[in-house]
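Q: Sharing a structure, written as C-alpha cells. Questions coming.
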Amino acid sequence: TTCYLNGQFLPLSAARISPLDRGFLFADGAYEVIPVYSRYPFRCEEHLRRLQDSLDGIRLANPLSIAQWQAVIAQIIEAAPFADQSLYLQVTRGADTKRDQPFPAVPPTVFAFTAALTRPSDEMRRSGIAAITLPDIRWGRCDLKTVALLPNILARQQAVDAGCTESILIREGFLTEGSASNIFIVRKGIILAPPKDHHMLPGTTYDLVLELAARHGAAHEVRPVTEAELRDADEVWMTSSTKEVLAVTTLDGQPVGHGADAGRPGPVGRQMLAWYVDFREQ
Ligand code: PLP
C-alpha cells in the first residue's frame with residue numbers, strides 16, 4: 001500500500017527512516033488512529049484536533065495545516081485496496097546527527113499509512129470480551145497520545161497471556177482506562193464515565209458515547225469511578241475508534257453483572273452500540 005513520508009507518497013515497503021530518528025531513540029512523537037468506513041474518515045476533525053493537542057503538549061510544532069492533513073489522508077485512503085481502513089498518522093521530532101536529549105533544530109518526521117480495519121468479530125459482539133485489571137504504572141500525561149506505549153504494550157500482553165483481550169488500569173483505587181481503550185461502567189441503569197484528566201486519553205469514542213447518551217436522554221454521570229464500583233458493575237464497556245462500544249463480560253475471571261445477564265452483554269451497552277452504529281451510518 002501507499003504511505004506518506006515527509007512530503008512524498010511512496011510504497012510502504014520503500015519508506016525509510018533514519019535510526020537517529022527521535023521516534024526510534026526516545027519515543028519522542030505523537031500519533032493518531034482514524035477509522036475509515038467506505039473510504040470516509042470517521043470523526044476526522046476530532047482526531048486532527050487531538051493530534052494538535054498532543055503536539056502542543058510535547059512542544060512539537062504541527063508540520064501540516066488541517067487542510068494539508070486532510071489532503072494527505074484523502075490520498076492515502078484513495079490509494080488503498082480496501083474500503084474500511086485503520087488510518088495511522090505519526091509526527092516525531094525528527095532525526096538529528098547525534099543522540100542528545102534537548103530538542104534539535106531539524107525538521108520533524110511525518111508519516112501516515114493505512115491498513116485494513118479489523119473490526120470486533122461476531123463472537124466478540126455476541127459474548128463480549130474478557131479483561132484483567134492491572135495497576136496503572138504510566139506517567140502523568142496520559143492525556144497526550146504519544147508513541148511512548150511501552151506500559152500499554154506490557155499491560156496488553158499480560159491480558160493476552162491470561163487469555164484475555166484488554167487490560168483495565170487502576171490508579172490509586174480509581175478506574176483510569178484500558179491499555180488501548182476508554183472504559184465505561186453501568187450501575188443501576190446509569191452510565192458512569194471517569195472524568196477526563198491527565199491520567200487518561202480523551203477518547204474520540206468516549207466523547208461520542210457521552211454525546212449520544214445526552215442526545216437520547218440516557219442517564220449518565222461523569223465522575224471518578226472506584227475499583228469497587230468497577231468490580232460490582234452491572235455492565236462494563238470498552239470504547240475505541242476501532243472497537244466502537246464493546247462489552248467486557250468477564251473481569252479477572254469473574255462474570256460482569258448480576259442475575260440472568262451476568263457474563264453477557266447488557267441492555268444499556270447494546271442500546272449504546274445501536275445508537276453509535278446509527279450515527280456512524282447516517
Ligand atoms: N485510551 C487509550 C490508551 C488508547 O490507546 C485509545 C485509542 O485506541 C483510547 C483510549 C480510545 O481513543 P479513541 O476512542 O479516540 O480511539
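Please note that chains go A, B, ... in the order of the C-alpha cells, that every chain numbers its residues from 1, and that ligands are numbered from 1 in the order shown.
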Give me, as a VMD selection string, all polymer residues having an atom no more than 9 Å from Ile17 (chain A), counting only C-alpha atoms and skipping those fewer than 4 positions away in the same chain.
A: chain A and resid 5 21 95 109
Q: Around ligand 1, out to 7 Å and counting only C-alpha atoms and all ligand atoms, which residues are there? I want them as a PyMOL selection string.
A: chain A and resi 33+152+177-182+200-206+239-242
Q: Those residues with N, CA and C atoms, as a compact mmCIF listing (two decimals), in the first residue's frame please?
A:
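New file result14.txt:
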# COMPACT_ATOMS: atom_id res chain seq x y z
N VAL A 33 -4.97 7.37 15.34
CA VAL A 33 -5.56 6.30 14.54
C VAL A 33 -6.98 6.71 14.21
N ASN A 152 1.59 0.47 28.04
CA ASN A 152 0.35 -0.04 27.45
C ASN A 152 0.56 -1.41 26.83
N GLU A 177 -8.45 3.86 32.52
CA GLU A 177 -8.89 3.49 31.18
C GLU A 177 -8.32 2.10 30.86
N GLY A 178 -8.49 1.65 29.62
CA GLY A 178 -7.90 0.39 29.21
C GLY A 178 -6.55 0.63 28.58
N SER A 179 -5.81 -0.44 28.25
CA SER A 179 -4.49 -0.25 27.65
C SER A 179 -4.60 0.37 26.26
N ALA A 180 -5.73 0.16 25.58
CA ALA A 180 -5.94 0.80 24.27
C ALA A 180 -7.41 1.22 24.10
N SER A 181 -8.03 1.62 25.19
CA SER A 181 -9.47 1.95 25.13
C SER A 181 -9.85 2.79 26.35
N ASN A 182 -11.00 3.45 26.25
CA ASN A 182 -11.62 4.04 27.45
C ASN A 182 -12.64 3.04 28.00
N MET A 200 -5.85 9.83 31.67
CA MET A 200 -6.47 9.05 30.59
C MET A 200 -6.47 9.81 29.28
N LEU A 201 -6.54 9.05 28.20
CA LEU A 201 -6.62 9.66 26.89
C LEU A 201 -8.06 10.15 26.66
N PRO A 202 -8.22 11.40 26.20
CA PRO A 202 -9.57 11.86 25.88
C PRO A 202 -10.04 11.20 24.58
N GLY A 203 -10.72 10.10 24.70
CA GLY A 203 -11.09 9.30 23.52
C GLY A 203 -12.12 10.00 22.65
N THR A 204 -11.95 9.88 21.36
CA THR A 204 -12.96 10.42 20.43
C THR A 204 -14.25 9.59 20.56
N THR A 205 -14.11 8.30 20.83
CA THR A 205 -15.29 7.44 21.00
C THR A 205 -15.95 7.73 22.35
N TYR A 206 -15.12 7.96 23.36
CA TYR A 206 -15.62 8.39 24.69
C TYR A 206 -16.50 9.62 24.54
N THR A 239 -14.34 1.29 24.92
CA THR A 239 -14.63 2.05 23.70
C THR A 239 -13.32 2.49 23.05
N SER A 240 -13.29 2.39 21.72
CA SER A 240 -12.18 2.96 20.96
C SER A 240 -12.63 3.09 19.51
N SER A 241 -11.84 3.81 18.74
CA SER A 241 -12.18 4.07 17.35
C SER A 241 -12.40 2.78 16.56
N THR A 242 -11.60 1.75 16.84
CA THR A 242 -11.73 0.53 16.05
C THR A 242 -12.64 -0.50 16.72
Q: Fewer than 6 positions away in the same chain doesn't count, so skip those; otherwise give me all residues within 7 Å of region 167-175 of chain A, counting only C-alpha atoms, as a PyMOL selection string.
A: chain A and resi 131-136+155-156+159+224-227
Q: Write the residues you've just listed into a file as a CSV table (one decimal), in the first residue's frame, and include N, CA and C atoms for each of them.
A:
chain,number,residue,atom,x,y,z
A,131,ALA,N,-11.4,-9.3,30.3
A,131,ALA,CA,-10.4,-8.3,30.7
A,131,ALA,C,-9.8,-8.7,32.0
A,132,ILE,N,-8.6,-8.2,32.2
A,132,ILE,CA,-8.0,-8.3,33.6
A,132,ILE,C,-7.8,-6.8,34.1
A,133,THR,N,-7.6,-6.7,35.4
A,133,THR,CA,-7.3,-5.4,35.9
A,133,THR,C,-5.8,-5.4,36.3
A,134,LEU,N,-5.1,-4.2,36.1
A,134,LEU,CA,-3.7,-4.1,36.5
A,134,LEU,C,-3.5,-2.7,37.0
A,135,PRO,N,-2.5,-2.5,37.9
A,135,PRO,CA,-2.2,-1.2,38.3
A,135,PRO,C,-1.7,-0.3,37.2
A,136,ASP,N,-2.1,1.0,37.1
A,136,ASP,CA,-1.8,1.9,36.1
A,136,ASP,C,-0.4,2.5,36.4
A,155,ALA,N,0.9,-4.1,29.5
A,155,ALA,CA,-0.4,-4.4,30.1
A,155,ALA,C,-1.2,-5.2,29.1
A,156,ARG,N,-1.2,-4.8,27.9
A,156,ARG,CA,-2.0,-5.6,26.9
A,156,ARG,C,-1.5,-7.0,26.7
A,159,ALA,N,-2.7,-9.2,29.4
A,159,ALA,CA,-4.1,-9.6,29.2
A,159,ALA,C,-4.1,-10.8,28.2
A,224,PRO,N,-15.4,10.3,39.1
A,224,PRO,CA,-14.5,9.3,39.3
A,224,PRO,C,-15.2,7.9,39.6
A,225,VAL,N,-14.6,6.9,39.1
A,225,VAL,CA,-15.2,5.5,39.3
A,225,VAL,C,-14.2,4.7,40.1
A,226,THR,N,-14.7,4.2,41.3
A,226,THR,CA,-13.7,3.4,42.1
A,226,THR,C,-13.6,2.0,41.6
A,227,GLU,N,-12.5,1.4,42.0
A,227,GLU,CA,-12.3,0.0,41.6
A,227,GLU,C,-13.4,-0.9,42.1
Q: May I ask for the distance between CA of Tyr40 (chain A) and CA of Gln52 (chain A), given in Å to one decimal place?
A: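 CA of Gln52 (chain A) lies at a distance of 20.8 Å from CA of Tyr40 (chain A).
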Q: Which parts of region 18-267 of chain A does DSSP call strand (DSSP E or B) when run on the backbone here, written out as a PyMOL selection string?
A: chain A and resi 21+29-37+40-41+85-92+95+109-116+129-135+146+166-171+174-178+182-187+190-193+220-222+226+235-240+244-251+254-255
